[in-house]
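Trainee: Structure file input36.cif (mmCIF, C-alpha atoms and all ligand atoms) right here:
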```cif
data_final
#
loop_
_atom_site.label_atom_id
_atom_site.label_comp_id
_atom_site.auth_asym_id
_atom_site.auth_seq_id
_atom_site.Cartn_x
_atom_site.Cartn_y
_atom_site.Cartn_z
CA MET A 1 0.00 0.00 0.00
CA VAL A 2 1.47 3.37 -1.00
CA ASN A 3 -0.27 6.62 -0.01
CA ASN A 4 -3.56 4.82 0.55
CA LYS A 5 -3.30 3.17 -2.85
CA PRO A 6 -3.32 -0.66 -2.79
CA ASN A 7 -1.05 -3.01 -4.70
CA ILE A 8 -3.52 -5.00 -6.79
CA ALA A 9 -3.38 -8.46 -8.37
CA ILE A 10 -5.86 -9.53 -11.01
CA LEU A 11 -6.23 -13.30 -10.93
CA GLY A 12 -7.67 -14.47 -14.27
CA ALA A 13 -6.51 -11.29 -16.06
CA THR A 14 -6.75 -12.80 -19.56
CA GLY A 15 -10.41 -13.88 -19.22
CA ASN A 16 -13.68 -12.10 -19.99
CA VAL A 17 -14.09 -10.75 -16.47
CA GLY A 18 -10.35 -10.13 -15.93
CA ARG A 19 -10.12 -7.90 -19.00
CA LYS A 20 -13.21 -5.99 -17.82
CA PHE A 21 -11.49 -5.39 -14.45
CA LEU A 22 -8.75 -3.45 -16.24
CA GLU A 23 -11.27 -1.45 -18.28
CA ILE A 24 -13.26 -0.51 -15.19
CA ILE A 25 -10.24 0.32 -13.02
CA GLU A 26 -9.23 2.75 -15.76
CA ARG A 27 -12.71 4.15 -16.39
CA ARG A 28 -13.49 4.75 -12.69
CA GLY A 29 -9.98 5.98 -11.88
CA PHE A 30 -9.64 3.36 -9.14
CA PRO A 31 -6.47 4.28 -7.24
CA PHE A 32 -3.65 1.71 -7.15
CA ALA A 33 0.08 1.74 -6.39
CA SER A 34 0.91 -1.26 -8.61
CA ILE A 35 -0.95 -3.87 -10.61
CA LYS A 36 0.03 -7.50 -11.25
CA LEU A 37 -1.66 -9.66 -13.90
CA LEU A 38 -2.01 -13.36 -13.13
CA ALA A 39 -3.40 -16.23 -15.23
CA SER A 40 -2.58 -19.86 -16.00
CA ALA A 41 0.84 -21.10 -17.12
CA LYS A 42 -0.52 -21.01 -20.69
CA SER A 43 -0.68 -17.20 -20.62
CA ALA A 44 2.52 -16.51 -18.70
CA GLY A 45 4.67 -14.06 -20.68
CA ILE A 46 1.78 -12.55 -22.69
CA LYS A 47 1.92 -8.74 -22.88
CA VAL A 48 -1.19 -6.75 -21.94
CA ARG A 49 -1.28 -3.01 -22.65
CA PHE A 50 -2.89 -1.00 -19.85
CA GLN A 51 -2.82 2.77 -19.38
CA GLY A 52 -0.03 3.16 -21.93
CA LYS A 53 2.22 0.54 -20.33
CA ASP A 54 2.95 -3.11 -21.17
CA TYR A 55 2.31 -5.57 -18.35
CA ILE A 56 3.61 -9.15 -18.55
CA VAL A 57 1.11 -11.78 -17.42
CA GLU A 58 2.55 -14.09 -14.74
CA GLU A 59 1.54 -17.62 -13.81
CA ALA A 60 -0.53 -17.54 -10.60
CA THR A 61 1.04 -19.51 -7.76
CA LYS A 62 0.66 -19.50 -3.97
CA ASP A 63 3.65 -17.11 -3.79
CA SER A 64 2.11 -14.51 -6.13
CA PHE A 65 0.56 -12.41 -3.34
CA ASN A 66 3.37 -11.45 -0.95
CA ASP A 67 3.42 -7.79 -1.95
CA ILE A 68 -0.34 -7.55 -2.70
CA ASP A 69 -3.10 -5.74 -0.73
CA LEU A 70 -6.10 -6.49 -2.91
CA VAL A 71 -6.88 -9.38 -5.27
CA LEU A 72 -9.64 -9.22 -7.87
CA ALA A 73 -10.18 -12.88 -8.67
CA SER A 74 -11.96 -14.36 -11.71
CA ALA A 75 -10.11 -17.57 -12.54
CA GLY A 76 -12.86 -20.00 -11.56
CA GLY A 77 -13.90 -21.76 -8.36
CA SER A 78 -11.13 -24.35 -8.08
CA ILE A 79 -8.36 -21.74 -8.50
CA SER A 80 -10.02 -19.46 -5.93
CA LYS A 81 -10.32 -22.36 -3.49
CA GLU A 82 -6.66 -23.18 -4.03
CA LEU A 83 -5.10 -19.70 -4.04
CA ALA A 84 -7.36 -17.31 -2.06
CA PRO A 85 -6.24 -18.71 1.34
CA PHE A 86 -2.58 -17.98 0.39
CA ALA A 87 -3.50 -14.45 -0.65
CA VAL A 88 -5.32 -13.82 2.65
CA LYS A 89 -2.39 -15.35 4.59
CA ALA A 90 -0.12 -12.88 2.80
CA GLY A 91 -2.38 -10.04 4.05
CA ALA A 92 -4.49 -9.37 0.96
CA VAL A 93 -8.26 -8.95 0.70
CA VAL A 94 -9.68 -11.16 -2.07
CA ILE A 95 -12.80 -10.08 -3.96
CA ASP A 96 -13.79 -13.32 -5.60
CA ASN A 97 -16.02 -13.66 -8.65
CA SER A 98 -16.25 -17.44 -8.56
CA SER A 99 -18.88 -19.48 -6.73
CA ALA A 100 -16.27 -20.98 -4.36
CA TYR A 101 -17.09 -18.95 -1.23
CA ARG A 102 -20.48 -17.36 -1.95
CA MET A 103 -22.54 -19.47 0.42
CA ASP A 104 -19.85 -19.74 3.11
CA PRO A 105 -21.55 -18.16 6.17
CA SER A 106 -18.27 -16.46 7.17
CA VAL A 107 -17.91 -14.76 3.76
CA PRO A 108 -19.98 -11.67 2.89
CA LEU A 109 -21.76 -11.93 -0.47
CA ILE A 110 -22.09 -8.40 -1.76
CA VAL A 111 -23.83 -6.37 -4.44
CA ALA A 112 -22.35 -2.88 -3.98
CA GLY A 113 -25.11 -0.45 -3.10
CA ILE A 114 -27.44 -3.23 -1.92
CA ASN A 115 -25.82 -4.75 1.19
CA ASN A 116 -22.58 -2.83 1.82
CA HIS A 117 -23.31 -3.16 5.55
CA ASP A 118 -22.26 -6.86 5.32
CA LEU A 119 -18.75 -5.89 4.17
CA LYS A 120 -17.43 -5.08 7.61
CA LYS A 121 -17.84 -8.76 8.61
CA HIS A 122 -15.22 -9.92 6.11
CA LYS A 123 -12.21 -11.97 7.21
CA GLY A 124 -10.20 -11.56 4.02
CA ILE A 125 -12.51 -12.99 1.36
CA ILE A 126 -15.50 -11.12 -0.10
CA ALA A 127 -17.70 -12.90 -2.63
CA ASN A 128 -19.26 -11.38 -5.72
CA PRO A 129 -22.55 -13.09 -6.69
CA ASN A 130 -23.42 -14.97 -9.82
CA CYS A 131 -24.14 -12.52 -12.68
CA THR A 132 -27.77 -13.63 -12.92
CA THR A 133 -28.37 -12.94 -9.24
CA ALA A 134 -26.52 -9.61 -9.20
CA GLN A 135 -28.77 -7.89 -11.74
CA LEU A 136 -31.88 -9.15 -9.99
CA MET A 137 -30.94 -7.44 -6.72
CA PRO A 138 -31.64 -3.73 -7.44
CA PRO A 139 -35.26 -4.28 -8.63
CA LEU A 140 -36.00 -6.84 -5.90
CA LYS A 141 -34.52 -4.61 -3.20
CA ALA A 142 -36.56 -1.62 -4.46
CA LEU A 143 -39.80 -3.65 -4.44
CA HIS A 144 -39.03 -5.26 -1.08
CA GLU A 145 -38.62 -1.80 0.44
CA LEU A 146 -41.92 -0.72 -1.18
CA ALA A 147 -44.21 -3.58 -0.20
CA GLY A 148 -42.31 -6.68 0.98
CA LEU A 149 -41.43 -9.58 -1.33
CA LYS A 150 -43.76 -12.55 -0.99
CA ARG A 151 -42.75 -14.74 -3.93
CA VAL A 152 -40.44 -14.37 -6.95
CA ILE A 153 -40.40 -16.43 -10.19
CA VAL A 154 -37.39 -15.80 -12.46
CA SER A 155 -36.86 -17.10 -16.01
CA THR A 156 -33.52 -16.14 -17.51
CA TYR A 157 -32.23 -15.61 -21.05
CA GLN A 158 -28.48 -15.61 -20.51
CA SER A 159 -25.74 -14.60 -22.94
CA VAL A 160 -22.78 -16.85 -23.77
CA SER A 161 -20.25 -14.42 -22.25
CA GLY A 162 -21.53 -15.69 -18.90
CA ALA A 163 -19.80 -18.96 -19.76
CA GLY A 164 -16.44 -17.31 -20.47
CA LYS A 165 -14.41 -16.28 -23.48
CA ALA A 166 -14.30 -19.81 -24.95
CA ALA A 167 -18.11 -19.82 -25.20
CA MET A 168 -18.16 -16.45 -27.02
CA ASP A 169 -15.55 -17.71 -29.50
CA GLU A 170 -17.58 -20.86 -29.97
CA LEU A 171 -20.84 -18.98 -30.71
CA HIS A 172 -18.95 -16.96 -33.34
CA GLU A 173 -17.46 -20.04 -35.01
CA GLN A 174 -20.68 -22.08 -34.83
CA SER A 175 -22.70 -19.23 -36.36
CA LYS A 176 -20.26 -18.90 -39.28
CA GLN A 177 -20.28 -22.66 -39.89
CA HIS A 178 -24.08 -22.84 -39.72
CA LEU A 179 -24.56 -19.98 -42.18
CA ASN A 180 -22.02 -21.51 -44.57
CA SER A 181 -23.05 -25.17 -44.41
CA GLY A 182 -26.30 -25.49 -42.47
CA SER A 183 -24.67 -27.40 -39.62
CA TYR A 184 -21.88 -27.08 -37.07
CA THR A 185 -19.89 -28.94 -34.46
CA SER A 186 -19.03 -27.89 -30.94
CA LYS A 187 -15.25 -27.66 -30.45
CA THR A 188 -14.49 -26.85 -26.82
CA THR A 189 -17.64 -26.36 -24.77
CA ASN A 190 -19.77 -29.29 -25.98
CA ARG A 191 -22.71 -26.91 -26.32
CA LYS A 192 -24.78 -26.00 -29.41
CA PHE A 193 -24.99 -22.24 -28.77
CA ALA A 194 -25.73 -20.96 -32.29
CA PHE A 195 -29.39 -20.65 -33.37
CA ASN A 196 -30.45 -22.47 -30.21
CA VAL A 197 -32.03 -22.01 -26.76
CA ILE A 198 -30.60 -24.27 -24.03
CA PRO A 199 -32.53 -24.85 -20.77
CA HIS A 200 -29.37 -25.95 -19.00
CA ILE A 201 -26.63 -23.80 -17.38
CA ASP A 202 -24.07 -25.44 -15.08
CA VAL A 203 -24.65 -29.02 -13.89
CA PHE A 204 -27.92 -30.66 -12.83
CA SER A 205 -28.49 -31.55 -9.19
CA ASP A 206 -30.59 -34.52 -8.02
CA ASP A 207 -33.79 -32.46 -7.64
CA GLY A 208 -33.79 -31.50 -11.34
CA TYR A 209 -32.60 -27.91 -10.81
CA THR A 210 -29.32 -26.75 -12.33
CA LYS A 211 -26.63 -25.28 -10.10
CA GLU A 212 -27.14 -21.92 -11.86
CA GLU A 213 -30.80 -21.93 -10.76
CA ILE A 214 -29.87 -22.93 -7.21
CA LYS A 215 -27.29 -20.09 -7.12
CA VAL A 216 -30.01 -17.54 -8.00
CA ILE A 217 -32.26 -18.89 -5.24
CA ASN A 218 -29.67 -19.15 -2.45
CA GLU A 219 -27.63 -16.06 -3.30
CA SER A 220 -30.73 -13.84 -3.57
CA ARG A 221 -31.84 -14.94 -0.09
CA LYS A 222 -28.37 -14.24 1.37
CA ILE A 223 -27.88 -10.80 -0.23
CA LEU A 224 -31.39 -9.56 0.57
CA GLY A 225 -31.18 -11.02 4.10
CA ILE A 226 -34.46 -12.93 3.61
CA PRO A 227 -33.52 -16.57 4.31
CA ASP A 228 -37.06 -17.87 3.73
CA LEU A 229 -37.79 -15.89 0.54
CA ARG A 230 -40.02 -17.94 -1.79
CA ILE A 231 -38.10 -17.76 -5.05
CA THR A 232 -37.68 -20.13 -7.99
CA CYS A 233 -35.69 -19.95 -11.23
CA THR A 234 -35.36 -21.49 -14.69
CA ALA A 235 -32.01 -20.54 -16.27
CA VAL A 236 -31.66 -20.64 -20.05
CA ARG A 237 -28.73 -19.92 -22.40
CA VAL A 238 -29.52 -17.94 -25.59
CA PRO A 239 -27.29 -17.06 -28.56
CA VAL A 240 -26.45 -13.51 -27.43
CA TYR A 241 -22.84 -12.37 -26.83
CA ILE A 242 -23.32 -10.00 -23.89
CA GLY A 243 -26.29 -9.10 -21.66
CA HIS A 244 -28.53 -11.30 -19.57
CA SER A 245 -32.32 -10.80 -19.73
CA GLU A 246 -34.72 -11.98 -17.05
CA SER A 247 -38.50 -12.30 -16.92
CA VAL A 248 -39.33 -11.67 -13.27
CA ASN A 249 -42.73 -12.26 -11.67
CA VAL A 250 -42.94 -10.65 -8.23
CA GLU A 251 -45.74 -11.14 -5.70
CA LEU A 252 -45.77 -8.49 -2.98
CA SER A 253 -47.09 -8.57 0.58
CA LYS A 254 -49.21 -5.42 0.20
CA PRO A 255 -51.47 -4.18 -2.60
CA VAL A 256 -49.69 -1.58 -4.76
CA THR A 257 -50.35 0.01 -8.13
CA LYS A 258 -48.25 -0.16 -11.27
CA GLU A 259 -47.53 3.56 -10.78
CA GLN A 260 -46.12 2.90 -7.29
CA ILE A 261 -43.98 0.06 -8.62
CA THR A 262 -42.61 2.24 -11.42
CA LYS A 263 -41.90 5.11 -9.00
CA ALA A 264 -40.09 2.80 -6.53
CA LEU A 265 -37.91 1.44 -9.34
CA ASN A 266 -37.30 4.94 -10.73
CA ASP A 267 -36.38 6.38 -7.33
CA PHE A 268 -34.06 3.55 -6.25
CA ASN A 269 -30.64 4.72 -7.52
CA PRO A 270 -30.28 5.79 -11.15
CA ASP A 271 -26.62 4.69 -11.24
CA MET A 272 -27.80 1.14 -10.52
CA LEU A 273 -31.34 0.89 -11.83
CA GLN A 274 -33.22 2.59 -14.65
CA VAL A 275 -36.77 2.18 -15.87
CA TYR A 276 -37.01 2.01 -19.67
CA ASP A 277 -40.63 1.26 -20.28
CA ASP A 278 -42.58 2.75 -23.14
CA PRO A 279 -43.80 -0.21 -25.20
CA ALA A 280 -46.11 1.97 -27.32
CA ASN A 281 -42.96 3.60 -28.69
CA LEU A 282 -41.07 0.28 -28.85
CA LYS A 283 -38.99 1.19 -25.80
CA TYR A 284 -38.01 -1.77 -23.63
CA PRO A 285 -34.57 -2.96 -22.57
CA MET A 286 -32.72 -5.30 -24.94
CA ALA A 287 -29.36 -6.99 -24.45
CA ILE A 288 -27.94 -5.63 -27.70
CA ASP A 289 -28.58 -2.03 -26.58
CA ILE A 290 -27.45 -2.25 -22.96
CA ALA A 291 -24.15 -4.16 -23.44
CA GLY A 292 -21.37 -1.92 -22.14
CA THR A 293 -23.59 0.16 -19.85
CA ASP A 294 -23.53 0.06 -16.06
CA PRO A 295 -27.13 0.11 -14.75
CA VAL A 296 -29.75 -2.62 -14.64
CA PHE A 297 -32.68 -1.71 -16.93
CA VAL A 298 -36.31 -2.61 -16.23
CA GLY A 299 -39.18 -2.51 -18.69
CA ARG A 300 -42.46 -4.25 -19.59
CA ILE A 301 -43.74 -3.44 -16.09
CA ARG A 302 -47.29 -4.76 -15.85
CA GLU A 303 -49.79 -6.24 -13.47
CA ASP A 304 -50.06 -10.04 -13.38
CA LYS A 305 -53.83 -10.32 -13.71
CA SER A 306 -53.75 -13.97 -12.60
CA ASN A 307 -52.73 -13.14 -9.01
CA PRO A 308 -53.27 -10.21 -6.62
CA SER A 309 -50.39 -7.80 -5.78
CA THR A 310 -48.23 -9.43 -8.46
CA PHE A 311 -46.24 -7.78 -11.26
CA ASN A 312 -44.19 -8.84 -14.27
CA LEU A 313 -40.89 -7.15 -15.07
CA TRP A 314 -38.28 -7.53 -17.83
CA VAL A 315 -34.83 -7.01 -16.32
CA VAL A 316 -31.72 -6.65 -18.53
CA ALA A 317 -28.08 -5.89 -17.65
CA ASP A 318 -24.52 -6.37 -18.85
CA ASN A 319 -23.49 -9.58 -17.12
CA LEU A 320 -19.79 -8.70 -17.29
CA LEU A 321 -20.37 -5.35 -15.53
CA ILE A 322 -22.88 -5.37 -12.64
CA GLY A 323 -22.75 -9.17 -12.90
CA ALA A 324 -19.01 -9.34 -12.35
CA ALA A 325 -16.23 -6.79 -12.86
CA LEU A 326 -18.07 -3.52 -12.14
CA ASN A 327 -19.55 -4.89 -8.94
CA ALA A 328 -16.14 -6.19 -7.82
CA VAL A 329 -14.45 -2.81 -8.44
CA LYS A 330 -17.29 -0.97 -6.66
CA ILE A 331 -16.80 -3.32 -3.69
CA ALA A 332 -13.05 -2.58 -3.82
CA GLU A 333 -13.80 1.16 -3.73
CA VAL A 334 -15.81 0.73 -0.51
CA VAL A 335 -13.11 -1.55 1.00
CA VAL A 336 -10.45 1.13 0.40
CA LYS A 337 -12.65 4.08 1.42
CA ASP A 338 -13.84 2.42 4.64
CA SER A 339 -10.34 1.13 5.56
CA LEU A 340 -11.40 -2.51 5.30
CA LEU A 341 -8.08 -3.80 3.90
CA LEU A 342 -6.19 -6.23 6.14
CA SER A 343 -3.77 -4.99 8.78
CA LYS A 344 -0.47 -5.32 6.88
CA SER A 345 -1.70 -2.53 4.64
CA SER A 346 -3.10 -0.09 7.14
N1 LIG B 401 -18.65 -14.07 -17.31
C1 LIG B 401 -19.55 -13.69 -16.41
O1 LIG B 401 -20.61 -13.11 -16.70
C2 LIG B 401 -19.27 -13.94 -14.97
C3 LIG B 401 -20.05 -13.28 -14.03
C4 LIG B 401 -19.84 -13.51 -12.68
C5 LIG B 401 -18.84 -14.37 -12.32
N2 LIG B 401 -18.08 -15.01 -13.24
C6 LIG B 401 -17.06 -15.92 -12.78
O2 LIG B 401 -15.77 -15.38 -13.03
C7 LIG B 401 -14.86 -16.44 -13.32
C8 LIG B 401 -14.20 -16.20 -14.66
O3 LIG B 401 -15.17 -16.05 -15.67
P1 LIG B 401 -14.74 -15.56 -17.13
O4 LIG B 401 -16.03 -15.43 -17.85
O5 LIG B 401 -13.81 -14.40 -17.09
O6 LIG B 401 -13.92 -16.87 -17.66
P2 LIG B 401 -12.83 -16.97 -18.80
O7 LIG B 401 -13.04 -15.95 -19.86
O8 LIG B 401 -12.80 -18.41 -19.20
O9 LIG B 401 -11.43 -16.62 -18.06
C9 LIG B 401 -10.86 -17.46 -17.10
C10 LIG B 401 -9.58 -16.84 -16.55
O10 LIG B 401 -9.05 -17.70 -15.54
C11 LIG B 401 -7.69 -17.99 -15.85
N3 LIG B 401 -7.27 -19.32 -15.39
C12 LIG B 401 -7.70 -20.52 -15.82
N4 LIG B 401 -7.03 -21.51 -15.19
C13 LIG B 401 -6.14 -20.91 -14.37
C14 LIG B 401 -5.13 -21.38 -13.48
N5 LIG B 401 -4.90 -22.70 -13.32
N6 LIG B 401 -4.41 -20.47 -12.77
C15 LIG B 401 -4.62 -19.15 -12.95
N7 LIG B 401 -5.55 -18.64 -13.78
C16 LIG B 401 -6.30 -19.51 -14.48
C17 LIG B 401 -7.64 -17.91 -17.35
O11 LIG B 401 -6.29 -17.77 -17.74
P3 LIG B 401 -5.77 -18.39 -19.16
O12 LIG B 401 -6.21 -17.41 -20.21
O13 LIG B 401 -4.29 -18.43 -18.96
O14 LIG B 401 -6.40 -19.75 -19.31
C18 LIG B 401 -8.48 -16.67 -17.60
O15 LIG B 401 -7.71 -15.52 -17.31
C19 LIG B 401 -15.69 -17.74 -13.22
O16 LIG B 401 -15.55 -18.26 -11.92
C20 LIG B 401 -17.09 -17.27 -13.46
O17 LIG B 401 -18.04 -18.11 -12.86
C21 LIG B 401 -18.26 -14.79 -14.56
#
```
Give the structure from this file in structure tokens form.

Mentor:
Amino acid sequence: MVNNKPNIAILGATGNVGRKFLEIIERRGFPFASIKLLASAKSAGIKVRFQGKDYIVEEATKDSFNDIDLVLASAGGSISKELAPFAVKAGAVVIDNSSAYRMDPSVPLIVAGINNHDLKKHKGIIANPNCTTAQLMPPLKALHELAGLKRVIVSTYQSVSGAGKAAMDELHEQSKQHLNSGSYTSKTTNRKFAFNVIPHIDVFSDDGYTKEEIKVINESRKILGIPDLRITCTAVRVPVYIGHSESVNVELSKPVTKEQITKALNDFNPDMLQVYDDPANLKYPMAIDIAGTDPVFVGRIREDKSNPSTFNLWVVADNLLIGAALNAVKIAEVVVKDSLLLSKSS
């Protein structure tokens, strides 16, 4: 730490989320004394240009963190499980994008601006939620504050960038092959992304839910602090590069009008949540328009006439931003501002 500026390591710097970390650090002017880029042995030696300087990617090992105050990690669950304890032992705070620690009761699971109060409980590791959960939090929090959440039904339409860079490359290749020859093969991911809709993200558990769906259920309860929230999810992959869309049906504990719902969403925090809802003029959020923008967008707000005090929403956000890198950098900003780094750095 130099002059209140942390030494940062980015673990998974060559991936979809890792590259977004660099973009967002630059865009938000996040203060740092030094920055170290870590990835697998495969990428060691690769040059990455950042703020006019070439950085050489290093292989991540347990000894990579001795001079580091803050780790932004996005190298997957097994790498986080293996390396985060060494980073914490070396005195660094780890903000982890993987699912490794999210449901650990001793690890705060944070959406910046939603439950910052949980940050002060951290013991070195802070978890960033699944992208699908993260974008759901601002509208659910706004409606919970308005009239209490009673039940939530979420159906997702998730882009391939949520499955990493390999999946984006595969959608590109598969689309080209399909347009040229009418068929294609899957090379690395074993998934038919192009011209398809796949009701299967992550692995199935014994009860028929996928792990992605279970993450949305459990992580939403933890972040909102409502352990018995009635919430269910069907998670679906669609052939979109960036931007997750969600159809969200919300039953509330008190009767409210559509106008009150719209006002609560509008008033929540415009940096995080924006209403874009004028169907008569073809205005509703779409992944292709919102990719690269920070807020969560909500449209198609309407009463569910089949059930009292229930509303349908269409919720769209950039999964690599609020769903991953932007949220992690916003958490890091609070950690630095509120002096929540570990003691070696203070
Ligand atoms: N994409 C999203 O929307 C999203 C949202 C929230 C959370 N996440 C989570 O963030 C993590 C990364 O996602 P991503 O989309 O960025 O994946 P990705 O594009 O596949 O990138 C993975 C990164 O991890 C690195 N890595 C792989 N094996 C490693 C090893 N043995 N040691 C060190 N680094 C290693 C890769 O380095 P190489 O290039 O050297 O292989 C690469 O930098 C995942 O846990 C994912 O669940 C993603």

Trainee: Could you pull out the residues sitting within 7 Å of ligand LIG 401 (chain B), using only C-alpha atoms and all ligand atoms, and write them as a ChimeraX atom specification?

Mentor: /A:11-18,38-43,59-60,74-77,79,97-99,129-131,161-166,319-320,323-324

Trainee: Measuring atom to atom with only C-alpha atoms, identify which of A:Lys141, A:His200, A:His178, A:His117 is nearest to A:Glu213.

Mentor: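 The answer is A:His200, which sits nearest to A:Glu213.
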
Trainee: Could you check the closest approach to A:Asn115 for each of A:Val236, A:Val57, A:Val316, A:Ile223 and tell me which residue wins, using only C-alpha atoms?

Mentor: A:Ile223

Trainee: Find the residue from A:Leu83, A:Ile301, A:Val248, A:Ala44 that sits nearest to A:Lys263; use all atoms listed in the file when measuring.

Mentor: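 Distance minimum relative to A:Lys263 lands on A:Ile301.
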